[in-house]
file data-v9.cif (mmCIF, C-alpha atoms and all ligand atoms)
data_final
#
loop_
_atom_site.group_PDB
_atom_site.id
_atom_site.type_symbol
_atom_site.label_atom_id
_atom_site.label_comp_id
_atom_site.auth_asym_id
_atom_site.auth_seq_id
_atom_site.Cartn_x
_atom_site.Cartn_y
_atom_site.Cartn_z
ATOM 1 C CA MET A 1 4.548 3.133 -24.904
ATOM 2 C CA ASP A 2 6.872 0.836 -22.946
ATOM 3 C CA SER A 3 6.286 0.591 -19.214
ATOM 4 C CA PRO A 4 9.146 -0.867 -17.189
ATOM 5 C CA VAL A 5 8.104 -3.438 -14.561
ATOM 6 C CA ARG A 6 10.376 -3.770 -11.534
ATOM 7 C CA VAL A 7 10.293 -6.231 -8.654
ATOM 8 C CA LEU A 8 11.616 -5.100 -5.271
ATOM 9 C CA PRO A 9 12.520 -8.136 -3.148
ATOM 10 C CA ARG A 10 12.008 -6.613 0.355
ATOM 11 C CA LYS A 11 10.234 -3.691 2.026
ATOM 12 C CA GLU A 12 13.694 -2.402 3.056
ATOM 13 C CA ASP A 13 14.354 -1.663 -0.629
ATOM 14 C CA LEU A 14 11.440 0.762 -0.854
ATOM 15 C CA PRO A 15 12.944 4.024 0.483
ATOM 16 C CA ALA A 16 15.805 4.158 -2.066
ATOM 17 C CA ALA A 17 13.900 2.656 -4.991
ATOM 18 C CA GLY A 18 13.067 5.890 -6.836
ATOM 19 C CA LEU A 19 9.286 5.368 -6.987
ATOM 20 C CA ALA A 20 8.133 8.838 -8.068
ATOM 21 C CA GLY A 21 5.357 8.556 -10.641
ATOM 22 C CA THR A 22 5.200 4.769 -10.497
ATOM 23 C CA ALA A 23 2.145 2.658 -9.676
ATOM 24 C CA VAL A 24 3.026 0.244 -6.878
ATOM 25 C CA ALA A 25 1.513 -3.095 -5.881
ATOM 26 C CA VAL A 26 2.549 -4.172 -2.379
ATOM 27 C CA ILE A 27 2.692 -7.946 -1.894
ATOM 28 C CA ASP A 28 2.690 -9.862 1.395
ATOM 29 C CA VAL A 29 1.150 -13.217 0.592
ATOM 30 C CA LEU A 30 1.705 -14.648 4.090
ATOM 31 C CA ARG A 31 -0.255 -12.867 5.172
ATOM 32 C CA ALA A 32 -0.986 -9.112 5.347
ATOM 33 C CA THR A 33 -2.144 -8.393 1.784
ATOM 34 C CA SER A 34 -4.076 -11.676 1.696
ATOM 35 C CA THR A 35 -5.747 -10.574 4.932
ATOM 36 C CA ALA A 36 -6.497 -7.126 3.507
ATOM 37 C CA VAL A 37 -8.217 -8.618 0.450
ATOM 38 C CA ALA A 38 -10.231 -11.061 2.560
ATOM 39 C CA ALA A 39 -11.270 -8.350 5.046
ATOM 40 C CA LEU A 40 -12.487 -5.922 2.368
ATOM 41 C CA ALA A 41 -14.224 -8.745 0.496
ATOM 42 C CA ALA A 42 -16.018 -9.564 3.762
ATOM 43 C CA GLY A 43 -17.357 -6.015 3.926
ATOM 44 C CA ALA A 44 -14.862 -4.149 6.098
ATOM 45 C CA ALA A 45 -15.336 -0.406 5.579
ATOM 46 C CA ALA A 46 -11.598 0.188 5.272
ATOM 47 C CA LEU A 47 -8.219 -1.053 6.442
ATOM 48 C CA ARG A 48 -5.968 1.243 8.455
ATOM 49 C CA PRO A 49 -2.369 -0.006 8.123
ATOM 50 C CA CYS A 50 -0.146 0.740 11.119
ATOM 51 C CA ALA A 51 3.590 0.471 11.653
ATOM 52 C CA GLY A 52 3.235 -1.403 14.939
ATOM 53 C CA PRO A 53 0.909 -2.519 17.754
ATOM 54 C CA GLU A 54 1.207 0.675 19.831
ATOM 55 C CA GLU A 55 0.262 2.861 16.868
ATOM 56 C CA ALA A 56 -2.639 0.514 16.179
ATOM 57 C CA ARG A 57 -3.880 0.697 19.773
ATOM 58 C CA ALA A 58 -3.755 4.508 19.714
ATOM 59 C CA LEU A 59 -5.585 4.731 16.395
ATOM 60 C CA ALA A 60 -8.300 2.304 17.514
ATOM 61 C CA GLU A 61 -8.811 4.380 20.665
ATOM 62 C CA ARG A 62 -9.181 7.560 18.596
ATOM 63 C CA LEU A 63 -11.645 5.913 16.228
ATOM 64 C CA ARG A 64 -13.709 4.460 19.055
ATOM 65 C CA ALA A 65 -13.752 7.842 20.833
ATOM 66 C CA ALA A 66 -15.092 9.326 17.587
ATOM 67 C CA GLY A 67 -17.798 6.654 17.410
ATOM 68 C CA VAL A 68 -16.242 4.854 14.430
ATOM 69 C CA PRO A 69 -16.862 1.078 14.594
ATOM 70 C CA CYS A 70 -13.454 -0.578 14.365
ATOM 71 C CA LEU A 71 -11.484 -3.712 15.145
ATOM 72 C CA LEU A 72 -7.960 -3.797 16.538
ATOM 73 C CA CYS A 73 -6.058 -6.496 14.591
ATOM 74 C CA GLY A 74 -2.541 -7.683 14.031
ATOM 75 C CA GLU A 75 0.289 -9.989 14.886
ATOM 76 C CA ALA A 76 3.638 -10.113 16.562
ATOM 77 C CA GLY A 77 5.698 -13.134 15.611
ATOM 78 C CA ALA A 78 2.703 -14.171 13.461
ATOM 79 C CA VAL A 79 0.369 -14.660 16.468
ATOM 80 C CA ARG A 80 -2.411 -12.313 17.609
ATOM 81 C CA VAL A 81 -1.171 -9.457 19.774
ATOM 82 C CA PRO A 82 -2.567 -9.935 23.313
ATOM 83 C CA GLY A 83 -5.644 -7.774 23.782
ATOM 84 C CA PHE A 84 -6.296 -7.414 20.048
ATOM 85 C CA ASP A 85 -9.653 -8.418 18.579
ATOM 86 C CA LEU A 86 -8.148 -10.424 15.721
ATOM 87 C CA GLY A 87 -4.716 -11.600 14.620
ATOM 88 C CA ASN A 88 -3.506 -11.632 10.996
ATOM 89 C CA SER A 89 -5.076 -14.824 9.720
ATOM 90 C CA PRO A 90 -7.234 -13.977 6.685
ATOM 91 C CA ARG A 91 -9.587 -16.744 7.766
ATOM 92 C CA GLU A 92 -10.587 -14.714 10.849
ATOM 93 C CA PHE A 93 -11.865 -11.785 8.763
ATOM 94 C CA THR A 94 -15.390 -13.013 8.148
ATOM 95 C CA PRO A 95 -18.441 -10.859 7.363
ATOM 96 C CA GLU A 96 -19.740 -11.496 10.870
ATOM 97 C CA ALA A 97 -16.520 -10.154 12.357
ATOM 98 C CA VAL A 98 -15.671 -7.206 10.105
ATOM 99 C CA ALA A 99 -18.645 -6.017 8.003
ATOM 100 C CA GLY A 100 -19.082 -2.239 8.241
ATOM 101 C CA ARG A 101 -16.075 -1.754 10.522
ATOM 102 C CA GLU A 102 -12.704 -0.094 10.051
ATOM 103 C CA VAL A 103 -9.968 -2.710 10.445
ATOM 104 C CA VAL A 104 -6.932 -1.270 12.214
ATOM 105 C CA LEU A 105 -4.084 -3.651 11.296
ATOM 106 C CA ALA A 106 -0.454 -3.865 12.435
ATOM 107 C CA THR A 107 1.789 -6.600 11.037
ATOM 108 C CA THR A 108 5.502 -7.308 10.972
ATOM 109 C CA ASN A 109 6.023 -6.831 7.249
ATOM 110 C CA GLY A 110 3.000 -6.005 5.133
ATOM 111 C CA THR A 111 1.587 -2.955 6.876
ATOM 112 C CA ARG A 112 5.102 -1.662 7.542
ATOM 113 C CA ALA A 113 5.802 -1.920 3.820
ATOM 114 C CA LEU A 114 2.774 0.280 3.136
ATOM 115 C CA ARG A 115 4.074 2.816 5.634
ATOM 116 C CA LEU A 116 7.527 2.884 3.979
ATOM 117 C CA LEU A 117 6.166 4.076 0.630
ATOM 118 C CA PRO A 118 7.391 7.585 -0.200
ATOM 119 C CA GLU A 119 5.220 10.480 -1.351
ATOM 120 C CA GLY A 120 4.855 10.951 -5.089
ATOM 121 C CA VAL A 121 3.882 7.478 -6.207
ATOM 122 C CA ALA A 122 1.092 7.418 -8.792
ATOM 123 C CA GLY A 123 -0.975 4.886 -6.863
ATOM 124 C CA VAL A 124 -0.723 2.031 -4.361
ATOM 125 C CA ALA A 125 -2.615 -1.261 -4.478
ATOM 126 C CA LEU A 126 -2.371 -4.410 -2.395
ATOM 127 C CA ALA A 127 -1.850 -7.679 -4.258
ATOM 128 C CA SER A 128 -2.008 -11.343 -3.329
ATOM 129 C CA PHE A 129 -2.778 -14.588 -5.124
ATOM 130 C CA LEU A 130 -6.374 -14.134 -3.955
ATOM 131 C CA ASN A 131 -6.807 -11.082 -6.218
ATOM 132 C CA ALA A 132 -3.924 -11.504 -8.687
ATOM 133 C CA SER A 133 -5.860 -10.908 -11.903
ATOM 134 C CA ALA A 134 -7.681 -7.929 -10.434
ATOM 135 C CA ALA A 135 -4.409 -6.422 -9.233
ATOM 136 C CA ALA A 136 -2.819 -7.033 -12.626
ATOM 137 C CA ALA A 137 -5.712 -5.241 -14.348
ATOM 138 C CA TRP A 138 -5.303 -2.314 -11.944
ATOM 139 C CA LEU A 139 -1.571 -2.175 -12.761
ATOM 140 C CA ALA A 140 -2.104 -2.553 -16.518
ATOM 141 C CA ALA A 141 -4.395 0.483 -16.523
ATOM 142 C CA ARG A 142 -1.583 2.489 -14.907
ATOM 143 C CA ALA A 143 1.304 1.415 -17.149
ATOM 144 C CA SER A 144 3.415 4.453 -17.999
ATOM 145 C CA PRO A 145 7.047 5.340 -18.867
ATOM 146 C CA ALA A 146 7.561 5.889 -15.117
ATOM 147 C CA GLY A 147 6.903 2.184 -14.712
ATOM 148 C CA LEU A 148 5.147 -0.312 -12.480
ATOM 149 C CA VAL A 149 6.669 -1.614 -9.244
ATOM 150 C CA LEU A 150 5.861 -4.945 -7.591
ATOM 151 C CA ALA A 151 6.996 -4.445 -4.003
ATOM 152 C CA CYS A 152 7.519 -7.677 -2.074
ATOM 153 C CA ALA A 153 7.326 -7.182 1.682
ATOM 154 C CA GLY A 154 9.698 -10.034 2.488
ATOM 155 C CA THR A 155 9.984 -11.383 6.009
ATOM 156 C CA GLU A 156 11.887 -9.514 8.712
ATOM 157 C CA GLY A 157 14.355 -8.140 6.196
ATOM 158 C CA ALA A 158 14.806 -11.392 4.281
ATOM 159 C CA PHE A 159 13.678 -12.273 0.766
ATOM 160 C CA SER A 160 10.449 -14.307 0.728
ATOM 161 C CA TYR A 161 9.858 -16.734 -2.105
ATOM 162 C CA ASP A 162 6.092 -16.629 -1.525
ATOM 163 C CA ASP A 163 5.944 -12.910 -2.297
ATOM 164 C CA PHE A 164 8.284 -13.419 -5.260
ATOM 165 C CA LEU A 165 5.986 -16.071 -6.769
ATOM 166 C CA CYS A 166 3.057 -13.669 -6.453
ATOM 167 C CA ALA A 167 5.064 -10.937 -8.180
ATOM 168 C CA GLY A 168 5.624 -13.470 -10.956
ATOM 169 C CA ALA A 169 1.900 -14.133 -11.156
ATOM 170 C CA LEU A 170 1.359 -10.414 -11.698
ATOM 171 C CA VAL A 171 4.050 -10.216 -14.416
ATOM 172 C CA ASP A 172 2.540 -13.258 -16.157
ATOM 173 C CA ARG A 173 -0.863 -11.563 -16.200
ATOM 174 C CA LEU A 174 0.537 -8.168 -17.211
ATOM 175 C CA GLU A 175 2.248 -9.738 -20.243
ATOM 176 C CA ALA A 176 -1.116 -11.187 -21.263
ATOM 177 C CA LEU A 177 -2.932 -7.874 -20.736
ATOM 178 C CA ARG A 178 -0.283 -5.615 -22.296
ATOM 179 C CA PRO A 179 1.818 -7.894 -24.591
ATOM 180 C CA ASP A 180 3.613 -4.952 -26.220
ATOM 181 C CA GLY A 181 3.360 -2.439 -23.419
ATOM 182 C CA ILE A 182 5.470 -3.693 -20.561
ATOM 183 C CA VAL A 183 9.205 -4.366 -20.148
ATOM 184 C CA PRO A 184 9.936 -6.575 -17.107
ATOM 185 C CA ASP A 185 13.391 -6.193 -15.578
ATOM 186 C CA ASP A 186 15.490 -9.319 -15.015
ATOM 187 C CA LEU A 187 14.117 -9.913 -11.504
ATOM 188 C CA ALA A 188 10.549 -9.551 -12.807
ATOM 189 C CA ARG A 189 11.312 -12.076 -15.554
ATOM 190 C CA ALA A 190 12.793 -14.468 -12.977
ATOM 191 C CA ALA A 191 9.666 -14.076 -10.826
ATOM 192 C CA ARG A 192 7.452 -14.746 -13.844
ATOM 193 C CA ASP A 193 9.412 -17.882 -14.722
ATOM 194 C CA ALA A 194 9.307 -19.108 -11.101
ATOM 195 C CA TYR A 195 5.542 -18.604 -11.043
ATOM 196 C CA ARG A 196 5.072 -20.461 -14.336
ATOM 197 C CA GLN A 197 7.070 -23.378 -12.983
ATOM 198 C CA ASN A 198 4.965 -23.530 -9.795
ATOM 199 C CA ARG A 199 1.456 -22.415 -10.755
ATOM 200 C CA GLY A 200 0.205 -25.987 -10.884
ATOM 201 C CA GLY A 201 1.156 -26.473 -7.228
ATOM 202 C CA LEU A 202 1.206 -23.129 -5.458
ATOM 203 C CA ALA A 203 0.035 -24.496 -2.103
ATOM 204 C CA ALA A 204 2.948 -26.933 -2.023
ATOM 205 C CA ALA A 205 5.401 -24.279 -3.241
ATOM 206 C CA LEU A 206 4.255 -21.884 -0.517
ATOM 207 C CA ALA A 207 4.277 -24.599 2.164
ATOM 208 C CA ALA A 208 8.007 -25.080 1.565
ATOM 209 C CA CYS A 209 8.758 -21.377 2.185
ATOM 210 C CA ARG A 210 10.454 -20.257 5.394
ATOM 211 C CA HIS A 211 7.580 -18.198 6.767
ATOM 212 C CA ALA A 212 5.020 -20.861 5.875
ATOM 213 C CA ARG A 213 6.989 -23.386 7.892
ATOM 214 C CA HIS A 214 6.871 -20.958 10.819
ATOM 215 C CA LEU A 215 3.086 -20.718 10.429
ATOM 216 C CA PHE A 216 2.773 -24.501 10.403
ATOM 217 C CA ARG A 217 4.812 -24.731 13.609
ATOM 218 C CA LEU A 218 2.364 -22.276 15.217
ATOM 219 C CA GLY A 219 -0.657 -24.285 14.123
ATOM 220 C CA LEU A 220 -1.556 -21.677 11.469
ATOM 221 C CA GLY A 221 -0.724 -23.851 8.469
ATOM 222 C CA GLU A 222 -4.270 -23.635 7.087
ATOM 223 C CA ASP A 223 -3.507 -20.010 6.223
ATOM 224 C CA VAL A 224 -0.933 -21.180 3.664
ATOM 225 C CA ALA A 225 -3.398 -23.101 1.475
ATOM 226 C CA PHE A 226 -5.933 -20.299 1.954
ATOM 227 C CA CYS A 227 -3.428 -17.696 0.664
ATOM 228 C CA ALA A 228 -2.287 -19.897 -2.234
ATOM 229 C CA ARG A 229 -5.642 -19.751 -4.031
ATOM 230 C CA GLU A 230 -5.660 -17.651 -7.201
ATOM 231 C CA ASP A 231 -8.288 -15.104 -8.215
ATOM 232 C CA VAL A 232 -10.827 -15.790 -5.488
ATOM 233 C CA TYR A 233 -11.748 -12.084 -5.327
ATOM 234 C CA ARG A 234 -12.053 -9.357 -7.986
ATOM 235 C CA LEU A 235 -11.499 -6.390 -5.686
ATOM 236 C CA VAL A 236 -8.281 -4.401 -5.406
ATOM 237 C CA PRO A 237 -7.440 -2.756 -2.079
ATOM 238 C CA VAL A 238 -6.119 0.732 -2.878
ATOM 239 C CA VAL A 239 -4.627 3.418 -0.637
ATOM 240 C CA ARG A 240 -6.677 6.616 -0.490
ATOM 241 C CA GLU A 241 -5.820 9.319 2.062
ATOM 242 C CA GLY A 242 -4.149 6.873 4.418
ATOM 243 C CA ARG A 243 -6.980 4.365 4.324
ATOM 244 C CA VAL A 244 -7.082 1.149 2.289
ATOM 245 C CA VAL A 245 -10.443 0.818 0.542
ATOM 246 C CA PRO A 246 -11.784 -1.565 -2.112
ATOM 247 C CA ALA A 247 -11.670 -0.695 -5.822
ATOM 248 C CA TRP A 248 -14.137 -2.790 -7.783
ATOM 249 C CA PRO A 249 -14.007 -3.477 -11.541
ATOM 250 C CA GLU A 250 -16.029 -1.408 -13.963
ATOM 251 C CA LEU A 251 -16.573 -3.465 -17.077
ATOM 252 C CA HIS A 252 -15.618 -1.558 -20.191
ATOM 253 C CA GLU A 253 -15.564 -2.268 -23.909
ATOM 254 C CA GLY A 254 -14.918 -5.886 -24.641
ATOM 255 C CA GLY A 255 -15.685 -6.879 -21.070
ATOM 256 C CA ASN A 256 -12.264 -5.774 -19.891
ATOM 257 C CA ALA A 257 -12.289 -4.837 -16.223
ATOM 258 C CA ARG A 258 -10.933 -1.389 -15.434
ATOM 259 C CA TYR A 259 -10.274 -0.151 -11.905
ATOM 260 C CA THR A 260 -10.666 3.554 -11.249
HETATM 261 C C1 LIG F 301 2.968 -10.034 7.888
HETATM 262 O O1 LIG F 301 1.951 -10.431 7.372
HETATM 263 O O2 LIG F 301 3.333 -8.848 7.972
HETATM 264 C C2 LIG F 301 3.904 -11.055 8.375
HETATM 265 O O3 LIG F 301 4.247 -11.758 7.224
HETATM 266 C C3 LIG F 301 3.552 -11.937 9.533
HETATM 267 C C4 LIG F 301 2.307 -12.792 9.437
HETATM 268 O O4 LIG F 301 1.206 -12.278 9.663
HETATM 269 O O5 LIG F 301 2.415 -14.007 9.195
#

call {"tool": "encode", "arguments": {"input": "data-v9.cif", "output": "structure tokens"}}
result
Amino acid sequence: MDSPVRVLPRKEDLPAAGLAGTAVAVIDVLRATSTAVAALAAGAAALRPCAGPEEARALAERLRAAGVPCLLCGEAGAVRVPGFDLGNSPREFTPEAVAGREVVLATTNGTRALRLLPEGVAGVALASFLNASAAAAWLAARASPAGLVLACAGTEGAFSYDDFLCAGALVDRLEALRPDGIVPDDLARAARDAYRQNRGGLAAALAACRHARHLFRLGLGEDVAFCAREDVYRLVPVVREGRVVPAWPELHEGGNARYT
């Protein structure tokens, strides 16, 4: 069974992409999906992606009124929104800060990408370099004739090379997991080749990207090296009933990790 693999370069491409029946991995390396992985790995109960700060404030108020421990997190222009508990630096999401709490998160690109996904997709996961192999295993288990989609968030409507490199990391891993089962489109093949050319120096490759340079100017450059690390975590954030929760590997025959 051949499963097409498509790369979408920006979140703006999602609404018209024809995603029915596909399994989708949303990618926002700098920094929303990296933050989501770090937060869930640190013990956050769930992530609640919001389309903007006002929606996030309202949701946090509702959760707190219902007695649900939560944190109000997110960025505008890549810096913490005034009055929020945390910004969008994955380094802030430590066990001491987030364990056992719902993380309400609003970001410019990554959480908005999640909110642009249409009904009818077969499943949604969040991918980053931090959990690339885990995300690839999750995708491989969902390969189907409907296909797999690697949805890059991009940055404010522009293509982001950092997300594209991560999409390539996923294609590289998918080809290893399902050598005869997947058929990357031309953009997926280009992403794979770009990743293979840069995997020995991802931190430097990311540091040269437009959004990374913006983070450095803001004094947030340490996030770039943090987000460039591969396979630090084995969890896959997955969307379930509007919440993003961790899927952990169940080892199956041959030690292959499967994510249910
Ligand atoms: C995002 O993560 O949505 C944006 O890329 C902005 C950032 O947090 O750097």

call {"tool": "closest_atom_pairs", "arguments": {"input": "data-v9.cif", "of": "chain A", "to": "ligand LIG 301 (chain F)", "cutoff": "8 Å", "atoms": "all atoms listed in the file", "output": "JSON lines"}}
result
{"residue": "A:Asp28", "atom": "CA", "partner": "F:LIG301", "partner_atom": "O1", "distance": 6.0}
{"residue": "A:Val29", "atom": "CA", "partner": "F:LIG301", "partner_atom": "O1", "distance": 7.4}
{"residue": "A:Leu30", "atom": "CA", "partner": "F:LIG301", "partner_atom": "O3", "distance": 5.0}
{"residue": "A:Arg31", "atom": "CA", "partner": "F:LIG301", "partner_atom": "O1", "distance": 4.0}
{"residue": "A:Ala32", "atom": "CA", "partner": "F:LIG301", "partner_atom": "O1", "distance": 3.8}
{"residue": "A:Thr33", "atom": "CA", "partner": "F:LIG301", "partner_atom": "O1", "distance": 7.2}
{"residue": "A:Gly74", "atom": "CA", "partner": "F:LIG301", "partner_atom": "O4", "distance": 7.4}
{"residue": "A:Glu75", "atom": "CA", "partner": "F:LIG301", "partner_atom": "O4", "distance": 5.8}
{"residue": "A:Ala76", "atom": "CA", "partner": "F:LIG301", "partner_atom": "C3", "distance": 7.3}
{"residue": "A:Gly77", "atom": "CA", "partner": "F:LIG301", "partner_atom": "C3", "distance": 6.6}
{"residue": "A:Ala78", "atom": "CA", "partner": "F:LIG301", "partner_atom": "C4", "distance": 4.3}
{"residue": "A:Val79", "atom": "CA", "partner": "F:LIG301", "partner_atom": "O4", "distance": 7.3}
{"residue": "A:Gly87", "atom": "CA", "partner": "F:LIG301", "partner_atom": "O4", "distance": 7.8}
{"residue": "A:Asn88", "atom": "CA", "partner": "F:LIG301", "partner_atom": "O4", "distance": 4.9}
{"residue": "A:Ser89", "atom": "CA", "partner": "F:LIG301", "partner_atom": "O4", "distance": 6.8}
{"residue": "A:Ala106", "atom": "CA", "partner": "F:LIG301", "partner_atom": "O2", "distance": 7.7}
{"residue": "A:Thr107", "atom": "CA", "partner": "F:LIG301", "partner_atom": "O2", "distance": 4.1}
{"residue": "A:Thr108", "atom": "CA", "partner": "F:LIG301", "partner_atom": "O2", "distance": 4.0}
{"residue": "A:Asn109", "atom": "CA", "partner": "F:LIG301", "partner_atom": "O2", "distance": 3.4}
{"residue": "A:Gly110", "atom": "CA", "partner": "F:LIG301", "partner_atom": "O2", "distance": 4.0}
{"residue": "A:Thr111", "atom": "CA", "partner": "F:LIG301", "partner_atom": "O2", "distance": 6.2}
{"residue": "A:Arg112", "atom": "CA", "partner": "F:LIG301", "partner_atom": "O2", "distance": 7.4}
{"residue": "A:Ala153", "atom": "CA", "partner": "F:LIG301", "partner_atom": "O2", "distance": 7.6}
{"residue": "A:Gly154", "atom": "CA", "partner": "F:LIG301", "partner_atom": "O3", "distance": 7.4}
{"residue": "A:Thr155", "atom": "CA", "partner": "F:LIG301", "partner_atom": "O3", "distance": 5.9}
{"residue": "A:His211", "atom": "CA", "partner": "F:LIG301", "partner_atom": "O5", "distance": 7.1}
{"residue": "A:Leu215", "atom": "CA", "partner": "F:LIG301", "partner_atom": "O5", "distance": 6.9}

call {"tool": "residues_around", "arguments": {"input": "data-v9.cif", "residues": "Glu222 in chain A", "least_positions_apart": "6", "cutoff": "12 Å", "atoms": "all atoms listed in the file", "output": "number ranges by chain"}}
result
A: 30-31, 89-92, 203, 206-207, 212-213, 215-216, 228-229

call {"tool": "axis_aligned_box", "arguments": {"input": "data-v9.cif", "around": "range 37-44 of chain A", "padding_each_side": "8 Å", "output": "JSON"}}
result
{"center_x": -12.8, "center_y": -7.6, "center_z": 3.3, "size_x": 25.1, "size_y": 22.9, "size_z": 21.6}

call {"tool": "resolve_selection", "arguments": {"input": "data-v9.cif", "expression": "the PyMOL selection byres (((chain A and resi 104) around 9) and not hetatm)", "output": "PyMOL selection string"}}
result
chain A and resi 46-50+56-57+59-60+70-74+102-103+105-106

call {"tool": "resolve_selection", "arguments": {"input": "data-v9.cif", "expression": "the PyMOL selection byres (((chain A and resi 117) around 12) and not hetatm)", "output": "ChimeraX atom specification"}}
result
/A:11-20,22-26,51,110-116,118-125,149,151,153,239,242

call {"tool": "closest_residue", "arguments": {"input": "data-v9.cif", "among": "A:Val245, A:Ala208, A:Ala225, A:Ile27", "to": "Leu126 in chain A", "atoms": "all atoms listed in the file"}}
result
A:Ile27

call {"tool": "closest_residue", "arguments": {"input": "data-v9.cif", "among": "A:Ala41, A:Cys209, A:Val236, A:Val183", "to": "Gly147 in chain A", "atoms": "only C-alpha atoms"}}
result
A:Val183

call {"tool": "closest_residue", "arguments": {"input": "data-v9.cif", "among": "A:Pro184, A:Pro246, A:Gly52, A:Pro237", "to": "Ser34 in chain A", "atoms": "all atoms listed in the file"}}
result
A:Pro237

call {"tool": "closest_residue", "arguments": {"input": "data-v9.cif", "among": "A:Asp223, A:Arg10, A:Cys152, A:Val232", "to": "Ala167 in chain A", "atoms": "only C-alpha atoms"}}
result
A:Cys152

call {"tool": "atom_distance", "arguments": {"input": "data-v9.cif", "atom1": "CA of Pro69 in chain A", "atom2": "CA of Trp248 in chain A"}}
result
22.9 Å

call {"tool": "residues_around", "arguments": {"input": "data-v9.cif", "residues": "Ala39 in chain A", "least_positions_apart": "3", "cutoff": "8 Å", "atoms": "all atoms listed in the file", "output": "ChimeraX atom specification"}}
result
/A:35-36,42-44,90,93-95,98,103

call {"tool": "decode", "arguments": {"input": "data-v9.cif", "residues": "range 2-15 of chain A", "atoms": "N, CA, C and O atoms", "output": "PDB file, in the first residue's frame"}}
result
ATOM      1  N   ASP A   2       0.752   2.075  -0.997  1.00  0.00           N
ATOM      2  CA  ASP A   2       1.506   3.332  -1.065  1.00  0.00           C
ATOM      3  C   ASP A   2       0.753   4.423  -0.318  1.00  0.00           C
ATOM      4  O   ASP A   2      -0.439   4.615  -0.525  1.00  0.00           O
ATOM      5  N   SER A   3       1.512   5.141   0.532  1.00  0.00           N
ATOM      6  CA  SER A   3       0.919   6.285   1.232  1.00  0.00           C
ATOM      7  C   SER A   3       1.627   7.553   0.783  1.00  0.00           C
ATOM      8  O   SER A   3       2.833   7.707   1.048  1.00  0.00           O
ATOM      9  N   PRO A   4       0.912   8.435   0.100  1.00  0.00           N
ATOM     10  CA  PRO A   4       1.543   9.705  -0.289  1.00  0.00           C
ATOM     11  C   PRO A   4       1.969  10.479   0.961  1.00  0.00           C
ATOM     12  O   PRO A   4       1.317  10.383   2.009  1.00  0.00           O
ATOM     13  N   VAL A   5       3.066  11.225   0.858  1.00  0.00           N
ATOM     14  CA  VAL A   5       3.512  12.114   1.930  1.00  0.00           C
ATOM     15  C   VAL A   5       3.638  13.511   1.334  1.00  0.00           C
ATOM     16  O   VAL A   5       4.387  13.703   0.368  1.00  0.00           O
ATOM     17  N   ARG A   6       2.857  14.446   1.890  1.00  0.00           N
ATOM     18  CA  ARG A   6       2.873  15.818   1.380  1.00  0.00           C
ATOM     19  C   ARG A   6       3.434  16.762   2.434  1.00  0.00           C
ATOM     20  O   ARG A   6       3.194  16.576   3.628  1.00  0.00           O
ATOM     21  N   VAL A   7       4.135  17.770   1.992  1.00  0.00           N
ATOM     22  CA  VAL A   7       4.574  18.857   2.873  1.00  0.00           C
ATOM     23  C   VAL A   7       3.800  20.110   2.500  1.00  0.00           C
ATOM     24  O   VAL A   7       3.724  20.475   1.320  1.00  0.00           O
ATOM     25  N   LEU A   8       3.186  20.744   3.503  1.00  0.00           N
ATOM     26  CA  LEU A   8       2.538  22.043   3.297  1.00  0.00           C
ATOM     27  C   LEU A   8       3.460  23.095   3.890  1.00  0.00           C
ATOM     28  O   LEU A   8       3.850  22.996   5.057  1.00  0.00           O
ATOM     29  N   PRO A   9       3.844  24.112   3.118  1.00  0.00           N
ATOM     30  CA  PRO A   9       4.870  25.047   3.574  1.00  0.00           C
ATOM     31  C   PRO A   9       4.410  26.048   4.647  1.00  0.00           C
ATOM     32  O   PRO A   9       5.241  26.559   5.394  1.00  0.00           O
ATOM     33  N   ARG A  10       3.093  26.352   4.723  1.00  0.00           N
ATOM     34  CA  ARG A  10       2.623  27.381   5.661  1.00  0.00           C
ATOM     35  C   ARG A  10       1.250  27.012   6.208  1.00  0.00           C
ATOM     36  O   ARG A  10       0.483  26.329   5.518  1.00  0.00           O
ATOM     37  N   LYS A  11       0.912  27.518   7.361  1.00  0.00           N
ATOM     38  CA  LYS A  11      -0.407  27.215   7.957  1.00  0.00           C
ATOM     39  C   LYS A  11      -1.526  27.726   7.051  1.00  0.00           C
ATOM     40  O   LYS A  11      -2.615  27.173   6.997  1.00  0.00           O
ATOM     41  N   GLU A  12      -1.247  28.793   6.277  1.00  0.00           N
ATOM     42  CA  GLU A  12      -2.264  29.360   5.380  1.00  0.00           C
ATOM     43  C   GLU A  12      -2.670  28.379   4.288  1.00  0.00           C
ATOM     44  O   GLU A  12      -3.709  28.546   3.654  1.00  0.00           O
ATOM     45  N   ASP A  13      -1.856  27.353   4.064  1.00  0.00           N
ATOM     46  CA  ASP A  13      -2.173  26.354   3.031  1.00  0.00           C
ATOM     47  C   ASP A  13      -3.116  25.272   3.555  1.00  0.00           C
ATOM     48  O   ASP A  13      -3.623  24.450   2.780  1.00  0.00           O
ATOM     49  N   LEU A  14      -3.373  25.273   4.850  1.00  0.00           N
ATOM     50  CA  LEU A  14      -4.151  24.181   5.437  1.00  0.00           C
ATOM     51  C   LEU A  14      -5.611  24.144   4.955  1.00  0.00           C
ATOM     52  O   LEU A  14      -6.098  23.086   4.546  1.00  0.00           O
ATOM     53  N   PRO A  15      -6.334  25.265   4.981  1.00  0.00           N
ATOM     54  CA  PRO A  15      -7.779  25.166   4.684  1.00  0.00           C
ATOM     55  C   PRO A  15      -8.105  24.551   3.325  1.00  0.00           C
ATOM     56  O   PRO A  15      -9.079  23.826   3.201  1.00  0.00           O
TER      57      PRO A  15
END
